[in-house]
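Asker: One structure is given below, represented as structure tokens, and several questions about it will come after.
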Amino acid sequence: MRLRLLSACAAPAMIMALAAPAYAQDSQQTTGQTAEPESDGANEVVITAQGRAQVLADVPLAVSAISAEALQQSGANDIRQLNQVAPSLLVSSTGSEANGSARIRGIGTVGDNPGLESSVAVFIDGVYRSRSGIGLNELGEIDRIEVLRGPQGTLGGRNASAGMINIVSKAPGPNYSAGAEFTYGNYNQIRAAGFINVPLGDSLAARVDSVYVRRDGYYQDVVNDRDINDRNRYFVRGQLLFEPSSDLTIRLIGDYTKRNENCCAATYLNREMNPFIGDLNNSASNSIIRVLQGLGQPAAAFTEGYSRDIYVTPGRSYFGTTEDWGASMQIDWDFGGAKLTSITGYRDYASDQGSDTDYSYVDILYRAADGNSSRGFKTFSQELRLQGTAFGDKLDWLVGGYYANEDLAVTDNLRFGNQYGRFATCRLISGGGLAALYSPASAGCLAARPALFGAATPLIYAAIDGLDAINNRGSTLDRYNQNSRNWALFTHNIVHVAKGLDLTLGLRYTNERKKFDATFGNDNTACVLNQQSLLPLRPVASLTAVIDGILGLSCQGNSTSELNGVSINDERKEDEFTGTAVISYKPNDDLLLYGSYSRGYKAGGFNLDRSALKIPILPFGGQAGTQALVGNLQFDPEIVNAFELGLKYSTGPFSLNIAAFRQEFDNFQLNTFNGTVFLVQNINGCKANLNGGDRDQSKFSTAANYNAAAATTGACGSGDVTYGVRSQGVELEASLVPHRDIRVGLGLTYAETKYRDQLVGNASGAPLDQALRKLPGDNLSNAPEIVATASFAWTPDIGSSGMSGLVYFDSRLTDDYNTGSDLFPQKEQDSYAIFNARVGIRGPDQRWSIEFWGQNIFNENYTQVGFNSPFQEGSVGAPFTDPQYPGGRQIFSAYLAEPRTYGVTLRTRY
């Protein structure tokens with residue numbers, strides 16, 4: 001597969017030396033108006049990555065800068081579409097678009113659990129957004145986007161361990177202007193956008209941007225005759241820019257986004273999509289397939305794959321609503337000897353999402369779209385920076401402070417469906433020692449009830465029959481509240497040691513405090529009743545397996561009434577110093593060489609999932625027991641030590657940026673779904689040889705592979721604990737402007753982002769959770785080793801009419817990678833290539849244009865994220881063996897990427 005990728009990479013590179021456009025506006029304008037670049041200075045990109053306006057070629061930092069023109073040509077309306085123009089960036093989404101996750105150099109945070117902050121921070125107009133998925137909203141008209149790679153924190157705002165996406169919107173300008181665009185595409189897509197900029201005197205200007213998008217979904221629910229993964233959203237942003245003098249600028253911004261959409265569906269992974277998947281067409285080969293089909297699941301559901309036909313339980317919905325609004329004020333005041341920048345922001349984000357959580361026709365598990373499965377962030381932030389020069393301009397200094405107070409509220413109502421009891425009994429009977437009695441048409445799924453368990457037989461059968469009592473039970477309403485208060489002091493200083501030689505020193509101190517409390521409601525009484533009646537019999541060897549099966553099904557996901565009315569609380573505090581040191585040298589005006597060290601940090605927190613509160617099967621004794629286990633919810637801060645060597649060459653129409661990097665992560669925060677619960681665990685390495693202890697097979701393995709000591713082996717002495725994740729590689733970005741009408745370039749990232757060979761679960765050397773046994777020595781999920789991006793833009797004049805043409809395409813070629821954070825081979829994704837194209841005609845001064853476009857024009861099918869289908873693991877027969885996943889019993893589902901889209905866009909502005 002890699003050979004296929006490299007061949008595909010080589011061809012366009014050799015023919016045209018194409019690339020991702022690593023160019024921004026050629027001159028930064030406070031008003032946000034677009035300047036037409038001159039051909040001899042086309043690569044003089046101005047960015048603010050270091051809190052100062054600097055030419056990109058002079059910044060000793062790995063950063064991709066994407067201009068408004070590049071965004072418009074690529075069709076990027078949110079951060080996910082930046083994938084096409086930033087090779088080290090990968091943005092994906094899973095069960096909800098609120099769960100979008102950004103990764104840089106293979107490092108990111110799975111977004112399903114709101115308790116985890118993002119490894120890649122997103123800032124919009126200087127204001128930190130609490131989770132990177134918020135950047136999947138419409139953005140309106142953008143001036144530029146900067147993608148900073150590596151740890152950030154000494155320049156202001158919230159710190160980040162992997163990188164930052166800095167989005168700068170168009171600001172109001174001194175001249176009247178307005179514009180509008182209308183797009184129509186397949187899937188009945190309609191997108192209407194516009195802006196108006198109005199001067200309100202000599203010192204005040206206003207601007208309003210708005211966007212409306214509607215599109216049918218690309219999944220088809222064949223049961224309920226409806227489409228899923230649709231778009232229905234609108235966005236509005238209003239701004240005021242006040243400049244009473246050349247020394248003072250005040251910018252006020254307010255925005256509002258609303259989404260009412262059905263998202264996000266998933267389909268079963270099958271053998272055509274991944275060769276490690278078992279034969280899903282043969283119900284005799286896997287008990288769980290036999291059970292699902294016996295309860296009404298069409299056989300076709302297992303083989304639809306990229307057809308995107310899905311089978312949703314009648315009465316269940318993926319409908320969700322999102323509201324995101326906020327305001328900010330930025331003040332820039334030049335005192336003469338120093339400049340003060342103040343950015344004050346308030347954000348209010350709320351998302352509610354229903355789901356057919358088992359992703360099957362059978363009604364096993366769901367979240368109702370009733371407002372009780374929600375997450376909301378209310379965040380106030382204040383940043384102050386003071387910067388200037390000293391010692392005859394030998395020192396360019398910056399000092400600042402940051403404060404943020406965030407309230408996170410999460411509610412959950414995960415419920416068993418009206419077929420769960422039947423599903424649970426049939427699953428129990430079909431896959432264990434009772435398989436010979438399997439009869440889906442009979443009571444309890446039992447064809448007969450022989451006295452297999454001696455005196456306990458009546459009790460065992462009664463418990464099996466009692467599983468029907470779980471139908472339409474589960475969480476009534478769980479509430480999680482977290483307050484995060486953090487403040488920081490930072491400084492970033494550039495010392496001009498000699499001509500062309502600079503030393504940059506940055507330091508940050510962060511103080512973090514999080515308070516957490518939760519209350520739980522549940523009406524599933526079967527779990528506790530079965531525990532009370534069956535646990536005393538569990539020590540009997542002949543009864544252990546069947547009792548564990550009954551308790552596991554009745555207490556599935558630890559959704560028990562034992563938590564009903566329980567309240568818990570906890571608090572954690574952190575203090576951390578981070579910083580950077582960079583030495584850079586410009587031997588001439590065209591060349592910059594630099595080397596850097598950075599230490600980054602991402603805060604620890606709480607796993608907002610009730611499953612971590614309960615030891616499987618065993619009771620915990622109500623309130624007191626739950627509070628005693630609340631420490632299981634905590635995870636520690638993520639720390640990274642990063643090293644980088646770079647070269648930047650820029651002369652006339654050509655620029656080349658090369659960076660070699662190595663990043664070592666301690667306490668890497670991993671979030672994964674094991675088919676039943678979400679696990680959050682810190683990952684560290686061990687210098688000592690664990691002799692395979694971190695690869696022990698779990699209790700779900702076949703008897704031949706089962707290690708009874710799996711819960712205790714793989715421990716490491718605290719003195720031998722070291723970093724657990726390493727990302728290292730080389731990045732290359734180049735652009736060529738041989739003529740004022742032509743831009744070509746090249747983007748290539750090689751990143752080896754791997755776990756160490758010996759892994760432990762925390763800084764104390766505790767064993768790795770056995771659900772993660774595939775991790776040691778392997779690449780991280782969603783971390784392809786090789787990514788190449790390419791673009792070509794040609795905007796020739798059409799005679800002397802003043803009109804011009806547009807021919808544009810870009811591509812992203814991605815190496816093989818695993819899409820699941822537990823790295824099961826069934827979640828592997830082969831290499832693939834995505835191509836976008838756009839052609840059009842533009843009027844004089846671009847007063848109007850018509851453009852025909854296509855995204856993913858070759859309709860490449862690939863998986864964003866693969867995952868264990870919830871509760872859908874069964875026992876196995878010989879035809880379904882799979883040595884990579886012992887027993888081969890788990891069924892897998894996937895969130896697919898978008899198929900080909902195409903359409904036409906009309907634009908006008910004056």
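Chains: A, B, ... in order of the structure tokens. Residues: from 1 per chain. Ligands: from 1, in order shown.
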Env of segment 474-488 of chain A: 6 Å cut, atoms = only C-alpha atoms, seq-sep filter 3 positions within chain, self excluded. Answer as a PDB file with C-alpha atoms, in the first residue's frame.

Answerer:
ATOM      1  CA  GLY A 401      -0.669  37.196  31.497  1.00  0.00           C
ATOM      2  CA  TYR A 402      -3.682  35.021  30.781  1.00  0.00           C
ATOM      3  CA  TYR A 403      -6.752  34.145  32.831  1.00  0.00           C
ATOM      4  CA  ALA A 404      -9.634  31.848  31.966  1.00  0.00           C
ATOM      5  CA  ASN A 405     -12.640  30.595  33.898  1.00  0.00           C
ATOM      6  CA  GLU A 406     -14.669  27.851  32.268  1.00  0.00           C
ATOM      7  CA  ASP A 407     -17.821  26.067  33.380  1.00  0.00           C
ATOM      8  CA  LEU A 408     -18.432  22.745  31.678  1.00  0.00           C
ATOM      9  CA  ALA A 409     -21.826  21.082  32.084  1.00  0.00           C
ATOM     10  CA  VAL A 410     -22.530  17.634  30.640  1.00  0.00           C
ATOM     11  CA  THR A 411     -25.772  15.665  30.847  1.00  0.00           C
ATOM     12  CA  ASP A 412     -26.302  12.114  29.678  1.00  0.00           C
ATOM     13  CA  ASN A 413     -29.280   9.767  29.330  1.00  0.00           C
ATOM     14  CA  LEU A 414     -27.815   6.623  27.780  1.00  0.00           C
ATOM     15  CA  ARG A 415     -30.679   4.092  27.718  1.00  0.00           C
ATOM     16  CA  PHE A 416     -31.107   0.443  26.844  1.00  0.00           C
ATOM     17  CA  TYR A 509       4.077  29.528  34.452  1.00  0.00           C
ATOM     18  CA  THR A 510       0.588  28.002  34.497  1.00  0.00           C
ATOM     19  CA  ASN A 511      -1.632  27.486  37.526  1.00  0.00           C
ATOM     20  CA  GLU A 512      -4.581  25.166  36.905  1.00  0.00           C
ATOM     21  CA  ARG A 513      -7.425  24.233  39.237  1.00  0.00           C
ATOM     22  CA  LYS A 514     -10.384  22.022  38.338  1.00  0.00           C
ATOM     23  CA  LYS A 515     -13.400  21.266  40.503  1.00  0.00           C
ATOM     24  CA  PHE A 516     -15.694  18.424  39.558  1.00  0.00           C
ATOM     25  CA  ASP A 517     -19.035  17.149  40.802  1.00  0.00           C
ATOM     26  CA  ALA A 518     -21.589  14.736  39.404  1.00  0.00           C
ATOM     27  CA  THR A 519     -24.997  13.307  40.223  1.00  0.00           C
ATOM     28  CA  PHE A 520     -26.488  10.172  38.732  1.00  0.00           C
ATOM     29  CA  GLY A 521     -29.958   8.880  38.054  1.00  0.00           C
ATOM     30  CA  ASN A 522     -30.777   5.341  36.941  1.00  0.00           C
ATOM     31  CA  ASP A 523     -33.777   3.042  36.850  1.00  0.00           C
ATOM     32  CA  ASN A 524     -32.049  -0.255  35.954  1.00  0.00           C
ATOM     33  CA  SER A 559     -25.372   1.510  34.022  1.00  0.00           C
TER      34      SER A 559
END

Asker: At a cut-off of 8 Å, using only C-alpha atoms, what residues contact Ala121 of chain A? Leave out same-chain residues fewer than 4 positions from it and give the result as a short mmCIF file (atom, residue, chain, number, x, y, z; two decimals) with N, CA and C atoms, in the first residue's frame.

Answerer:
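Everything below was put into selection15.cif:
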data_model
loop_
_atom_site.label_atom_id
_atom_site.label_comp_id
_atom_site.auth_asym_id
_atom_site.auth_seq_id
_atom_site.Cartn_x
_atom_site.Cartn_y
_atom_site.Cartn_z
N TYR A 128 -9.43 31.81 22.69
CA TYR A 128 -9.31 30.36 22.75
C TYR A 128 -10.69 29.71 22.71
N ARG A 129 -10.83 28.67 21.89
CA ARG A 129 -12.05 27.88 21.83
C ARG A 129 -11.82 26.59 22.61
N ARG A 131 -12.71 23.47 22.77
CA ARG A 131 -12.37 22.19 22.15
C ARG A 131 -12.23 22.42 20.66
N SER A 132 -11.33 21.67 20.02
CA SER A 132 -11.03 21.93 18.61
C SER A 132 -12.22 21.66 17.71
N ARG A 158 -4.07 30.15 25.77
CA ARG A 158 -4.01 28.84 26.40
C ARG A 158 -2.84 28.06 25.84
N ASN A 159 -2.17 27.31 26.68
CA ASN A 159 -1.06 26.48 26.22
C ASN A 159 -1.59 25.24 25.49
N ALA A 160 -0.74 24.66 24.66
CA ALA A 160 -1.11 23.47 23.90
C ALA A 160 0.13 22.61 23.73
N GLY A 163 0.29 21.81 19.14
CA GLY A 163 0.28 22.86 18.15
C GLY A 163 -0.93 23.75 18.30
N MET A 164 -1.10 24.64 17.35
CA MET A 164 -2.16 25.63 17.44
C MET A 164 -2.67 25.99 16.05
N ILE A 165 -3.98 26.20 15.95
CA ILE A 165 -4.60 26.73 14.73
C ILE A 165 -5.10 28.12 15.06
#

Asker: Would you mind listing what lies within 12 Å of Asn418 of chain A as a list of chain:residue names, with only C-alpha atoms counted and same-chain residues fewer than 3 positions away left out?

Answerer: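 Here the qualifying residues turn out to be A:Leu295, A:Thr313, A:Pro314, A:Gly315, A:Arg316, A:Tyr361, A:Val362, A:Asp363, A:Ile364, A:Leu365, A:Tyr366, A:Arg415, A:Gly421, A:Arg422, A:Phe423, A:Ala424, A:Leu467, A:Asp468, A:Ala469, A:Ile470, A:Asn471, A:Asn472, A:Arg473, A:Gly474.
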
Asker: Find the residues around Val222 of chain A up to 10 Å (only C-alpha atoms counted), leave out those fewer than 5 positions away in its own chain, and share them as a PyMOL selection string.

Answerer: chain A and resi 227+301+308-312

Asker: How would the residues just chosen look if you wrote them out with N, CA and C atoms as a tab-separated table (two decimals), in the first residue's frame?

Answerer:
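This is the output file out00.tsv:
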chain	number	residue	atom	x	y	z
A	227	ASP	N	-32.32	10.73	5.18
A	227	ASP	CA	-30.88	10.83	5.06
A	227	ASP	C	-30.28	11.36	6.36
A	301	ALA	N	-27.16	-5.31	6.12
A	301	ALA	CA	-26.57	-4.27	6.96
A	301	ALA	C	-25.09	-4.50	7.20
A	308	ARG	N	-23.08	3.42	1.99
A	308	ARG	CA	-23.63	4.38	2.96
A	308	ARG	C	-25.12	4.20	3.19
A	309	ASP	N	-25.64	3.01	2.89
A	309	ASP	CA	-26.98	2.65	3.32
A	309	ASP	C	-26.89	2.11	4.75
A	310	ILE	N	-27.72	2.62	5.63
A	310	ILE	CA	-27.68	2.20	7.03
A	310	ILE	C	-29.07	1.80	7.48
A	311	TYR	N	-29.13	1.12	8.63
A	311	TYR	CA	-30.38	0.56	9.14
A	311	TYR	C	-30.57	1.06	10.58
A	312	VAL	N	-31.33	2.14	10.70
A	312	VAL	CA	-31.53	2.78	12.00
A	312	VAL	C	-32.80	2.23	12.64

Asker: Within 7 Å of segment 205-220 of chain A, counting only C-alpha atoms, which residues qualify if same-chain residues fewer than 6 places away don't, as an NGL selection string?

Answerer: :A and (140 or 172-174 or 187-199 or 226-242 or 308-310)

Asker: Determine the nearest neighbour of Gly600 of chain A from the options A:Arg538, A:Arg149, A:Arg80, A:Arg259, counting only C-alpha atoms.

Answerer: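 Among the listed residues, the smallest separation from Gly600 of chain A belongs to A:Arg149.
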
Asker: Just how far from atom CA of Glu323 of chain A is atom CA of Ser342 of chain A, in Å to one decimal?

Answerer: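 One can read the atom CA of Ser342 of chain A to atom CA of Glu323 of chain A distance as 26.4 Å.
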
Asker: Pick out the closest residue to Val147 of chain A from this set: A:Ile464, A:Ile786, A:Ala443, A:Ala65. Count only C-alpha atoms.

Answerer: A:Ala65

Asker: Given only C-alpha atoms as the basis, pick out the residue of A:Ser800, A:Ser246, A:Ser307, A:Met329 nearest to Pro899 of chain A.

Answerer: A:Ser307

Asker: If you count only C-alpha atoms, which residues fall within 7 Å of segment 265-281 of chain A, apart from same-chain ones fewer than 2 positions away, as a list in words?

Answerer: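 The contact residues come out as Ile228, Asn229, Cys263, Ser283, Phe302, Thr303, Gly305, Arg308, Ile310, Tyr359, Pro825, Gln826, Phe880, Phe892, Ser893, Ala894, Tyr895 and Leu896 of chain A.
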
Asker: Atom CA of Gly454 of chain A to atom CA of Val528 of chain A: how many Å, to one decimal?

Answerer: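 So the answer is 23.4 Å.
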
Asker: Report, in Å with one decimal, the straight-line distance from atom CA of Val127 of chain A to atom CA of Thr379 of chain A.

Answerer: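 Computing it gives 10.1 Å between the two atoms.
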
Asker: Using DSSP assignments from the backbone, pull out every residue in segment 416-516 of chain A that falls under strand (DSSP E) and give it to me as a PyMOL selection string.

Answerer: chain A and resi 416+478-498+501-516

Asker: When you look at segment 750-755 of chain A with a cut-off of 7 Å (counting only C-alpha atoms), what residues show up, excluding the ones that are within fewer than 3 positions of it in the same chain? I need them as a list of chain:residue names.

Answerer: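 Contacts, with the query itself left out: A:Arg105, A:Gly106, A:Gly724, A:Val725, A:Arg726, A:Ser727, A:Gln728, A:Gly729, A:Val730, A:Glu731, A:Leu775, A:Pro776, A:Gly777, A:Asp778, A:Asn779, A:Leu780, A:Ala783, A:Glu785, A:Ile786, A:Val787.
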
Asker: Pick out each residue of segment 234-479 of chain A that DSSP on the backbone tags as alpha helix (DSSP H); I need them as an MDAnalysis selection string.

Answerer: chainID A and resid 287:294 420:431 457:465

Asker: Go ahead and save the picked residues with C-alpha atoms, as an mmCIF file, in the first residue's frame.

Answerer:
data_model
loop_
_atom_site.group_PDB
_atom_site.id
_atom_site.type_symbol
_atom_site.label_atom_id
_atom_site.label_comp_id
_atom_site.auth_asym_id
_atom_site.auth_seq_id
_atom_site.Cartn_x
_atom_site.Cartn_y
_atom_site.Cartn_z
ATOM 1 C CA SER A 287 -22.747 -15.703 17.569
ATOM 2 C CA ILE A 288 -23.398 -11.965 17.682
ATOM 3 C CA ILE A 289 -24.287 -11.878 13.970
ATOM 4 C CA ARG A 290 -26.654 -14.786 14.523
ATOM 5 C CA VAL A 291 -28.338 -12.931 17.418
ATOM 6 C CA LEU A 292 -28.670 -9.640 15.548
ATOM 7 C CA GLN A 293 -30.195 -11.331 12.517
ATOM 8 C CA GLY A 294 -32.543 -13.290 14.756
ATOM 9 C CA TYR A 420 -31.972 -5.097 24.854
ATOM 10 C CA GLY A 421 -33.296 -7.792 27.186
ATOM 11 C CA ARG A 422 -33.908 -10.149 24.284
ATOM 12 C CA PHE A 423 -30.546 -9.245 22.770
ATOM 13 C CA ALA A 424 -28.803 -9.872 26.110
ATOM 14 C CA THR A 425 -30.389 -13.270 26.736
ATOM 15 C CA CYS A 426 -29.768 -14.505 23.192
ATOM 16 C CA ARG A 427 -26.195 -13.233 23.294
ATOM 17 C CA LEU A 428 -25.609 -15.085 26.557
ATOM 18 C CA ILE A 429 -27.142 -18.333 25.356
ATOM 19 C CA SER A 430 -25.683 -18.363 21.840
ATOM 20 C CA GLY A 431 -22.091 -17.870 22.809
ATOM 21 C CA THR A 457 -30.488 -23.921 38.224
ATOM 22 C CA PRO A 458 -33.806 -22.163 39.047
ATOM 23 C CA LEU A 459 -31.931 -19.049 40.185
ATOM 24 C CA ILE A 460 -29.802 -18.959 37.024
ATOM 25 C CA TYR A 461 -32.778 -19.309 34.690
ATOM 26 C CA ALA A 462 -34.765 -16.730 36.643
ATOM 27 C CA ALA A 463 -31.892 -14.259 36.258
ATOM 28 C CA ILE A 464 -31.745 -14.941 32.520
ATOM 29 C CA ASP A 465 -35.484 -14.366 32.177
#

Asker: Counting only C-alpha atoms, which residue out of A:Ser542, A:Ser381, A:Ser598, A:Thr908 sits closest to Glu851 of chain A?

Answerer: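 Among the listed residues, the smallest separation from Glu851 of chain A belongs to A:Thr908.
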
Asker: Using only C-alpha atoms, which residue out of A:Glu69, A:Asp609, A:Asp255, A:Glu261 lies closest to Gly345 of chain A?

Answerer: A:Asp255
